[in-house]
$ cat work20.pdb   # PDB, C-alpha atoms, pLDDT in the B column
ATOM      1  CA  MET A   1     -16.311  36.861 -13.404  1.00 44.00           C
ATOM      2  CA  ARG A   2     -15.078  35.030 -10.336  1.00 55.00           C
ATOM      3  CA  CYS A   3     -18.554  35.010  -8.822  1.00 64.00           C
ATOM      4  CA  ASP A   4     -20.109  33.007 -11.662  1.00 73.00           C
ATOM      5  CA  PRO A   5     -18.060  29.806 -11.151  1.00 68.00           C
ATOM      6  CA  ILE A   6     -18.492  30.033  -7.396  1.00 68.00           C
ATOM      7  CA  GLN A   7     -22.228  30.457  -7.798  1.00 75.00           C
ATOM      8  CA  ALA A   8     -22.341  27.425 -10.094  1.00 73.00           C
ATOM      9  CA  VAL A   9     -20.402  25.360  -7.552  1.00 68.00           C
ATOM     10  CA  LEU A  10     -22.704  26.451  -4.731  1.00 70.00           C
ATOM     11  CA  ALA A  11     -25.769  25.643  -6.843  1.00 74.00           C
ATOM     12  CA  ALA A  12     -24.414  22.177  -7.601  1.00 69.00           C
ATOM     13  CA  TRP A  13     -23.622  21.646  -3.934  1.00 67.00           C
ATOM     14  CA  ALA A  14     -27.121  22.653  -2.900  1.00 70.00           C
ATOM     15  CA  ALA A  15     -28.738  20.547  -5.642  1.00 72.00           C
ATOM     16  CA  LYS A  16     -26.843  17.428  -4.536  1.00 69.00           C
ATOM     17  CA  ASP A  17     -27.811  17.975  -0.883  1.00 75.00           C
ATOM     18  CA  LEU A  18     -24.212  17.326   0.150  1.00 77.00           C
ATOM     19  CA  PRO A  19     -22.829  17.849   3.633  1.00 86.00           C
ATOM     20  CA  ALA A  20     -19.924  20.268   4.094  1.00 86.00           C
ATOM     21  CA  ARG A  21     -17.506  17.378   4.702  1.00 92.00           C
ATOM     22  CA  LEU A  22     -17.240  14.306   2.479  1.00 92.00           C
ATOM     23  CA  ASP A  23     -15.650  10.993   3.364  1.00 93.00           C
ATOM     24  CA  VAL A  24     -13.448   9.012   0.968  1.00 94.00           C
ATOM     25  CA  THR A  25     -16.370   7.096  -0.551  1.00 93.00           C
ATOM     26  CA  GLU A  26     -18.389  10.225  -1.300  1.00 93.00           C
ATOM     27  CA  THR A  27     -15.312  12.051  -2.603  1.00 93.00           C
ATOM     28  CA  ALA A  28     -14.401   9.198  -4.927  1.00 94.00           C
ATOM     29  CA  LYS A  29     -17.937   9.006  -6.266  1.00 92.00           C
ATOM     30  CA  LEU A  30     -18.148  12.745  -6.861  1.00 90.00           C
ATOM     31  CA  LEU A  31     -14.763  12.878  -8.635  1.00 93.00           C
ATOM     32  CA  GLY A  32     -15.316   9.690 -10.634  1.00 93.00           C
ATOM     33  CA  PHE A  33     -12.382   7.751  -9.174  1.00 94.00           C
ATOM     34  CA  ALA A  34     -12.248   4.460  -7.295  1.00 93.00           C
ATOM     35  CA  GLU A  35     -11.977   4.648  -3.510  1.00 94.00           C
ATOM     36  CA  HIS A  36      -8.430   3.275  -3.528  1.00 93.00           C
ATOM     37  CA  ASP A  37      -7.400   6.000  -6.011  1.00 95.00           C
ATOM     38  CA  ILE A  38      -8.137   8.726  -3.451  1.00 95.00           C
ATOM     39  CA  GLN A  39      -5.119   7.618  -1.415  1.00 93.00           C
ATOM     40  CA  ILE A  40      -2.959   7.897  -4.546  1.00 93.00           C
ATOM     41  CA  LEU A  41      -4.267  11.419  -5.216  1.00 94.00           C
ATOM     42  CA  MET A  42      -3.479  12.422  -1.627  1.00 93.00           C
ATOM     43  CA  GLY A  43       0.003  10.921  -1.903  1.00 91.00           C
ATOM     44  CA  CYS A  44       0.898  12.917  -5.007  1.00 90.00           C
ATOM     45  CA  GLY A  45      -0.557  16.145  -3.590  1.00 91.00           C
ATOM     46  CA  LYS A  46      -3.521  16.455  -5.945  1.00 93.00           C
ATOM     47  CA  LEU A  47      -6.048  16.169  -3.128  1.00 94.00           C
ATOM     48  CA  SER A  48      -5.684  17.182   0.498  1.00 93.00           C
ATOM     49  CA  PRO A  49      -7.901  16.186   3.417  1.00 93.00           C
ATOM     50  CA  LEU A  50      -9.296  18.613   5.969  1.00 93.00           C
ATOM     51  CA  GLY A  51      -7.274  19.186   9.111  1.00 92.00           C
ATOM     52  CA  ASP A  52      -4.112  17.225   9.762  1.00 90.00           C
ATOM     53  CA  PRO A  53      -5.343  13.637  10.151  1.00 90.00           C
ATOM     54  CA  ALA A  54      -3.108  10.830  11.327  1.00 91.00           C
ATOM     55  CA  PRO A  55      -2.175   8.284   8.629  1.00 88.00           C
ATOM     56  CA  ASN A  56      -4.669   5.736   9.966  1.00 90.00           C
ATOM     57  CA  ALA A  57      -7.454   8.245  10.728  1.00 93.00           C
ATOM     58  CA  PRO A  58     -10.526   8.670   8.523  1.00 93.00           C
ATOM     59  CA  LYS A  59     -10.087  11.394   5.912  1.00 94.00           C
ATOM     60  CA  TRP A  60     -12.623  14.166   5.267  1.00 94.00           C
ATOM     61  CA  PHE A  61     -12.705  16.560   2.327  1.00 95.00           C
ATOM     62  CA  ALA A  62     -14.434  19.902   1.819  1.00 93.00           C
ATOM     63  CA  ALA A  63     -17.439  19.365  -0.444  1.00 90.00           C
ATOM     64  CA  ILE A  64     -17.068  22.771  -2.070  1.00 88.00           C
ATOM     65  CA  GLU A  65     -13.444  22.034  -2.971  1.00 92.00           C
ATOM     66  CA  VAL A  66     -14.285  18.569  -4.333  1.00 92.00           C
ATOM     67  CA  ILE A  67     -17.054  20.034  -6.504  1.00 88.00           C
ATOM     68  CA  ARG A  68     -14.664  22.712  -7.769  1.00 90.00           C
ATOM     69  CA  LEU A  69     -12.084  20.044  -8.643  1.00 92.00           C
ATOM     70  CA  ALA A  70     -14.721  17.918 -10.369  1.00 90.00           C
ATOM     71  CA  ALA A  71     -15.535  20.909 -12.591  1.00 88.00           C
ATOM     72  CA  ASP A  72     -11.854  21.602 -13.408  1.00 90.00           C
ATOM     73  CA  HIS A  73     -10.963  19.781 -16.632  1.00 92.00           C
ATOM     74  CA  GLU A  74      -7.200  20.370 -16.249  1.00 95.00           C
ATOM     75  CA  TRP A  75      -7.142  19.049 -12.690  1.00 94.00           C
ATOM     76  CA  LEU A  76      -9.083  15.928 -13.711  1.00 94.00           C
ATOM     77  CA  ASN A  77      -6.618  15.358 -16.560  1.00 95.00           C
ATOM     78  CA  ARG A  78      -3.556  15.678 -14.274  1.00 95.00           C
ATOM     79  CA  ALA A  79      -5.155  13.538 -11.542  1.00 95.00           C
ATOM     80  CA  THR A  80      -6.061  10.800 -14.047  1.00 95.00           C
ATOM     81  CA  LYS A  81      -2.479  10.790 -15.352  1.00 95.00           C
ATOM     82  CA  GLU A  82      -1.108  10.455 -11.806  1.00 94.00           C
ATOM     83  CA  VAL A  83      -3.384   7.505 -11.010  1.00 94.00           C
ATOM     84  CA  SER A  84      -2.491   5.815 -14.319  1.00 94.00           C
ATOM     85  CA  LYS A  85       1.224   6.380 -13.670  1.00 94.00           C
ATOM     86  CA  HIS A  86       0.929   4.873 -10.193  1.00 93.00           C
ATOM     87  CA  TRP A  87      -0.737   1.670 -11.411  1.00 93.00           C
ATOM     88  CA  ARG A  88       1.642   1.348 -14.378  1.00 93.00           C
ATOM     89  CA  GLN A  89       4.670   1.620 -12.067  1.00 92.00           C
ATOM     90  CA  LYS A  90       3.145  -0.905  -9.681  1.00 90.00           C
ATOM     91  CA  ARG A  91       2.645  -3.413 -12.516  1.00 90.00           C
ATOM     92  CA  GLU A  92       6.249  -2.875 -13.653  1.00 90.00           C
ATOM     93  CA  ARG A  93       7.550  -3.488 -10.120  1.00 88.00           C
ATOM     94  CA  GLN A  94       5.589  -6.743  -9.922  1.00 88.00           C
ATOM     95  CA  ARG A  95       6.907  -7.952 -13.282  1.00 86.00           C
ATOM     96  CA  LYS A  96      10.567  -7.491 -12.358  1.00 80.00           C
ATOM     97  CA  PRO A  97      12.123 -10.764 -11.183  1.00 71.00           C
ATOM     98  CA  LYS A  98      13.697 -10.910  -7.785  1.00 63.00           C
ATOM     99  CA  ALA A  99      17.365  -9.966  -8.252  1.00 55.00           C
ATOM    100  CA  CYS A 100      18.740 -12.320  -5.609  1.00 51.00           C
ATOM    101  CA  LEU A 101      17.017 -15.384  -7.049  1.00 49.00           C
ATOM    102  CA  HIS A 102      17.405 -14.915 -10.802  1.00 50.00           C
ATOM    103  CA  SER A 103      20.437 -12.702 -11.404  1.00 50.00           C
ATOM    104  CA  GLY A 104      23.036 -15.353 -10.657  1.00 51.00           C
ATOM    105  CA  LYS A 105      24.589 -13.260  -7.899  1.00 53.00           C
ATOM    106  CA  GLY A 106      22.493 -14.688  -5.115  1.00 50.00           C
ATOM    107  CA  GLY A 107      22.241 -18.232  -6.400  1.00 51.00           C
ATOM    108  CA  SER A 108      19.199 -20.436  -6.454  1.00 52.00           C
ATOM    109  CA  ALA A 109      16.497 -20.453  -3.829  1.00 51.00           C
ATOM    110  CA  LEU A 110      17.864 -23.756  -2.481  1.00 50.00           C
ATOM    111  CA  GLU A 111      21.333 -22.240  -2.062  1.00 50.00           C
ATOM    112  CA  LEU A 112      19.845 -19.284  -0.207  1.00 49.00           C
ATOM    113  CA  ARG A 113      17.993 -21.592   2.193  1.00 51.00           C
ATOM    114  CA  GLU A 114      21.142 -23.602   2.851  1.00 50.00           C
ATOM    115  CA  LYS A 115      23.160 -20.468   3.555  1.00 50.00           C
ATOM    116  CA  SER A 116      20.570 -19.133   5.964  1.00 51.00           C
ATOM    117  CA  SER A 117      20.197 -22.334   7.993  1.00 50.00           C
ATOM    118  CA  PRO A 118      22.508 -23.106  10.939  1.00 51.00           C
ATOM    119  CA  LYS A 119      25.517 -25.350  10.319  1.00 54.00           C
ATOM    120  CA  SER A 120      24.200 -28.181  12.430  1.00 54.00           C
ATOM    121  CA  SER A 121      21.186 -28.949  14.523  1.00 53.00           C
ATOM    122  CA  PRO A 122      21.472 -29.996  18.161  1.00 56.00           C
ATOM    123  CA  ASN A 123      20.799 -33.655  17.236  1.00 55.00           C
ATOM    124  CA  GLU A 124      23.531 -33.598  14.595  1.00 54.00           C
ATOM    125  CA  ARG A 125      26.010 -32.274  17.156  1.00 52.00           C
ATOM    126  CA  TRP A 126      25.174 -35.133  19.560  1.00 53.00           C
ATOM    127  CA  LYS A 127      25.582 -37.721  16.836  1.00 53.00           C
ATOM    128  CA  GLY A 128      28.867 -36.276  15.644  1.00 52.00           C
ATOM    129  CA  ASP A 129      30.615 -36.420  19.026  1.00 52.00           C
ATOM    130  CA  GLU A 130      32.219 -39.731  19.820  1.00 55.00           C
ATOM    131  CA  GLY A 131      31.115 -41.207  23.094  1.00 56.00           C
ATOM    132  CA  ALA A 132      28.297 -38.708  23.463  1.00 56.00           C
ATOM    133  CA  MET A 133      24.717 -39.800  23.991  1.00 56.00           C
ATOM    134  CA  THR A 134      22.176 -39.411  21.205  1.00 59.00           C
ATOM    135  CA  SER A 135      18.873 -37.689  21.879  1.00 58.00           C
ATOM    136  CA  ASP A 136      17.130 -41.097  21.870  1.00 61.00           C
ATOM    137  CA  GLU A 137      19.483 -42.428  24.532  1.00 60.00           C
ATOM    138  CA  ARG A 138      18.913 -39.313  26.648  1.00 57.00           C
ATOM    139  CA  THR A 139      15.131 -39.779  26.408  1.00 59.00           C
ATOM    140  CA  ILE A 140      15.383 -43.413  27.536  1.00 62.00           C
ATOM    141  CA  GLU A 141      17.746 -42.509  30.374  1.00 58.00           C
ATOM    142  CA  ASN A 142      15.523 -39.646  31.579  1.00 59.00           C
ATOM    143  CA  SER A 143      12.377 -41.794  31.570  1.00 61.00           C
ATOM    144  CA  ALA A 144      13.979 -44.622  33.556  1.00 57.00           C
TER     145      ALA A 144
END
$ encode --input "work20.pdb" --output "structure tokens"
Amino acid sequence: MRCDPIQAVLAAWAAKDLPARLDVTETAKLLGFAEHDIQILMGCGKLSPLGDPAPNAPKWFAAIEVIRLAADHEWLNRATKEVSKHWRQKRERQRKPKACLHSGKGGSALELREKSSPKSSPNERWKGDEGAMTSDERTIENSA
């Protein structure tokens, strides 16, 4: 019995004239997902690339494995649920207001800017000292 599904996969592979390795674009097209969904499937462990590529390296997938997954109804169901869950959680994260700006604990955005700025600028320090020269006076004195 095991030979029949393998033979069907090999026949499909030969009929499609696919190479042994598929890139992300070809894999997404064969599985029926968007290209950006392939990264989500790799992240949740539903799809694994060949070798041990670096995070920023191009990913390659075994064509025979991708065809087998495309024929597996249960895998497609679980993978679709994972992708849907990812995008739903991302939308929920974007809808949540920023805690420091709207919760009352952090204050308003203006208060946050005031707290993060220095107490006085160099020009304010010159103006505040009695008998000290202002920046304008220093400029005139240096140019003379």
$ resolve_selection --input "work20.pdb" --expression "the PyMOL selection byres ((chain A and resi 65) around 12)" --output "list in words"
Ile6, Val9, Leu10, Ala12, Trp13, Ala20, Arg21, Leu22, Thr27, Leu30, Leu31, Lys46, Leu47, Ser48, Pro49, Leu50, Trp60, Phe61, Ala62, Ala63, Ile64, Val66, Ile67, Arg68, Leu69, Ala70, Ala71, Asp72 and Trp75 of chain A
$ write_last_selection --input "work20.pdb" --atoms "C-alpha atoms" --output "CSV table (one decimal), in the frame of the given file"
chain,number,residue,atom,x,y,z
A,6,ILE,CA,-18.5,30.0,-7.4
A,9,VAL,CA,-20.4,25.4,-7.6
A,10,LEU,CA,-22.7,26.5,-4.7
A,12,ALA,CA,-24.4,22.2,-7.6
A,13,TRP,CA,-23.6,21.6,-3.9
A,20,ALA,CA,-19.9,20.3,4.1
A,21,ARG,CA,-17.5,17.4,4.7
A,22,LEU,CA,-17.2,14.3,2.5
A,27,THR,CA,-15.3,12.1,-2.6
A,30,LEU,CA,-18.1,12.7,-6.9
A,31,LEU,CA,-14.8,12.9,-8.6
A,46,LYS,CA,-3.5,16.5,-5.9
A,47,LEU,CA,-6.0,16.2,-3.1
A,48,SER,CA,-5.7,17.2,0.5
A,49,PRO,CA,-7.9,16.2,3.4
A,50,LEU,CA,-9.3,18.6,6.0
A,60,TRP,CA,-12.6,14.2,5.3
A,61,PHE,CA,-12.7,16.6,2.3
A,62,ALA,CA,-14.4,19.9,1.8
A,63,ALA,CA,-17.4,19.4,-0.4
A,64,ILE,CA,-17.1,22.8,-2.1
A,66,VAL,CA,-14.3,18.6,-4.3
A,67,ILE,CA,-17.1,20.0,-6.5
A,68,ARG,CA,-14.7,22.7,-7.8
A,69,LEU,CA,-12.1,20.0,-8.6
A,70,ALA,CA,-14.7,17.9,-10.4
A,71,ALA,CA,-15.5,20.9,-12.6
A,72,ASP,CA,-11.9,21.6,-13.4
A,75,TRP,CA,-7.1,19.0,-12.7
$ resolve_selection --input "work20.pdb" --expression "the PyMOL selection byres ((chain A and resi 41) around 12)" --output "PyMOL selection string"
chain A and resi 24+27-28+31+33-40+42-49+75-76+78-86
$ atom_distance --input "work20.pdb" --atom1 "CA of Thr25 in chain A" --atom2 "CA of Ala54 in chain A"
18.2 Å
$ atom_distance --input "work20.pdb" --atom1 "CA of Arg88 in chain A" --atom2 "CA of Pro53 in chain A"
28.3 Å
$ atom_distance --input "work20.pdb" --atom1 "CA of Ala11 in chain A" --atom2 "CA of Lys29 in chain A"
18.4 Å
$ build_atoms --input "work20.pdb" --residues "range 44-75 of chain A" --atoms "N, CA and C atoms" --output "mmCIF file, in the frame of the given file"
data_model
loop_
_atom_site.group_PDB
_atom_site.id
_atom_site.type_symbol
_atom_site.label_atom_id
_atom_site.label_comp_id
_atom_site.auth_asym_id
_atom_site.auth_seq_id
_atom_site.Cartn_x
_atom_site.Cartn_y
_atom_site.Cartn_z
ATOM 1 N N CYS A 44 0.194 12.081 -4.022
ATOM 2 C CA CYS A 44 0.898 12.917 -5.007
ATOM 3 C C CYS A 44 0.553 14.393 -4.852
ATOM 4 N N GLY A 45 -0.267 14.751 -3.873
ATOM 5 C CA GLY A 45 -0.557 16.145 -3.590
ATOM 6 C C GLY A 45 -1.684 16.751 -4.413
ATOM 7 N N LYS A 46 -2.413 15.946 -5.133
ATOM 8 C CA LYS A 46 -3.521 16.455 -5.945
ATOM 9 C C LYS A 46 -4.786 16.688 -5.124
ATOM 10 N N LEU A 47 -4.868 16.060 -3.971
ATOM 11 C CA LEU A 47 -6.048 16.169 -3.128
ATOM 12 C C LEU A 47 -5.585 16.193 -1.682
ATOM 13 N N SER A 48 -6.108 17.123 -0.904
ATOM 14 C CA SER A 48 -5.684 17.182 0.498
ATOM 15 C C SER A 48 -6.901 17.118 1.417
ATOM 16 N N PRO A 49 -6.791 16.326 2.482
ATOM 17 C CA PRO A 49 -7.901 16.186 3.417
ATOM 18 C C PRO A 49 -7.982 17.404 4.346
ATOM 19 N N LEU A 50 -9.113 17.539 4.999
ATOM 20 C CA LEU A 50 -9.296 18.613 5.969
ATOM 21 C C LEU A 50 -8.505 18.305 7.235
ATOM 22 N N GLY A 51 -8.015 19.353 7.866
ATOM 23 C CA GLY A 51 -7.274 19.186 9.111
ATOM 24 C C GLY A 51 -5.914 18.561 8.847
ATOM 25 N N ASP A 52 -5.398 17.925 9.854
ATOM 26 C CA ASP A 52 -4.112 17.225 9.762
ATOM 27 C C ASP A 52 -4.308 15.823 10.329
ATOM 28 N N PRO A 53 -5.022 14.953 9.586
ATOM 29 C CA PRO A 53 -5.343 13.637 10.151
ATOM 30 C C PRO A 53 -4.121 12.725 10.237
ATOM 31 N N ALA A 54 -4.147 11.852 11.204
ATOM 32 C CA ALA A 54 -3.108 10.830 11.327
ATOM 33 C C ALA A 54 -3.214 9.886 10.127
ATOM 34 N N PRO A 55 -2.132 9.181 9.789
ATOM 35 C CA PRO A 55 -2.175 8.284 8.629
ATOM 36 C C PRO A 55 -3.288 7.246 8.675
ATOM 37 N N ASN A 56 -3.632 6.764 9.867
ATOM 38 C CA ASN A 56 -4.669 5.736 9.966
ATOM 39 C C ASN A 56 -6.039 6.297 10.341
ATOM 40 N N ALA A 57 -6.175 7.618 10.382
ATOM 41 C CA ALA A 57 -7.454 8.245 10.728
ATOM 42 C C ALA A 57 -8.328 8.384 9.488
ATOM 43 N N PRO A 58 -9.644 8.440 9.674
ATOM 44 C CA PRO A 58 -10.526 8.670 8.523
ATOM 45 C C PRO A 58 -10.265 10.049 7.926
ATOM 46 N N LYS A 59 -10.355 10.138 6.612
ATOM 47 C CA LYS A 59 -10.087 11.394 5.912
ATOM 48 C C LYS A 59 -11.407 12.048 5.516
ATOM 49 N N TRP A 60 -11.459 13.369 5.637
ATOM 50 C CA TRP A 60 -12.623 14.166 5.267
ATOM 51 C C TRP A 60 -12.171 15.240 4.301
ATOM 52 N N PHE A 61 -13.022 15.574 3.354
ATOM 53 C CA PHE A 61 -12.705 16.560 2.327
ATOM 54 C C PHE A 61 -13.813 17.594 2.271
ATOM 55 N N ALA A 62 -13.452 18.829 1.940
ATOM 56 C CA ALA A 62 -14.434 19.902 1.819
ATOM 57 C C ALA A 62 -15.253 19.691 0.551
ATOM 58 N N ALA A 63 -16.552 19.622 0.700
ATOM 59 C CA ALA A 63 -17.439 19.365 -0.444
ATOM 60 C C ALA A 63 -17.286 20.446 -1.503
ATOM 61 N N ILE A 64 -17.167 21.679 -1.098
ATOM 62 C CA ILE A 64 -17.068 22.771 -2.070
ATOM 63 C C ILE A 64 -15.793 22.653 -2.892
ATOM 64 N N GLU A 65 -14.716 22.211 -2.255
ATOM 65 C CA GLU A 65 -13.444 22.034 -2.971
ATOM 66 C C GLU A 65 -13.524 20.841 -3.926
ATOM 67 N N VAL A 66 -14.146 19.755 -3.492
ATOM 68 C CA VAL A 66 -14.285 18.569 -4.333
ATOM 69 C C VAL A 66 -15.141 18.887 -5.561
ATOM 70 N N ILE A 67 -16.207 19.649 -5.363
ATOM 71 C CA ILE A 67 -17.054 20.034 -6.504
ATOM 72 C C ILE A 67 -16.278 20.915 -7.466
ATOM 73 N N ARG A 68 -15.484 21.852 -6.915
ATOM 74 C CA ARG A 68 -14.664 22.712 -7.769
ATOM 75 C C ARG A 68 -13.665 21.888 -8.577
ATOM 76 N N LEU A 69 -13.045 20.897 -7.940
ATOM 77 C CA LEU A 69 -12.084 20.044 -8.643
ATOM 78 C C LEU A 69 -12.775 19.196 -9.708
ATOM 79 N N ALA A 70 -13.970 18.729 -9.402
ATOM 80 C CA ALA A 70 -14.721 17.918 -10.369
ATOM 81 C C ALA A 70 -15.081 18.730 -11.607
ATOM 82 N N ALA A 71 -15.204 20.044 -11.459
ATOM 83 C CA ALA A 71 -15.535 20.909 -12.591
ATOM 84 C C ALA A 71 -14.294 21.390 -13.340
ATOM 85 N N ASP A 72 -13.105 21.134 -12.802
ATOM 86 C CA ASP A 72 -11.854 21.602 -13.408
ATOM 87 C C ASP A 72 -11.284 20.522 -14.331
ATOM 88 N N HIS A 73 -11.407 20.746 -15.629
ATOM 89 C CA HIS A 73 -10.963 19.781 -16.632
ATOM 90 C C HIS A 73 -9.459 19.508 -16.527
ATOM 91 N N GLU A 74 -8.656 20.535 -16.344
ATOM 92 C CA GLU A 74 -7.200 20.370 -16.249
ATOM 93 C C GLU A 74 -6.812 19.537 -15.024
ATOM 94 N N TRP A 75 -7.452 19.811 -13.892
ATOM 95 C CA TRP A 75 -7.142 19.049 -12.690
ATOM 96 C C TRP A 75 -7.500 17.580 -12.881
#
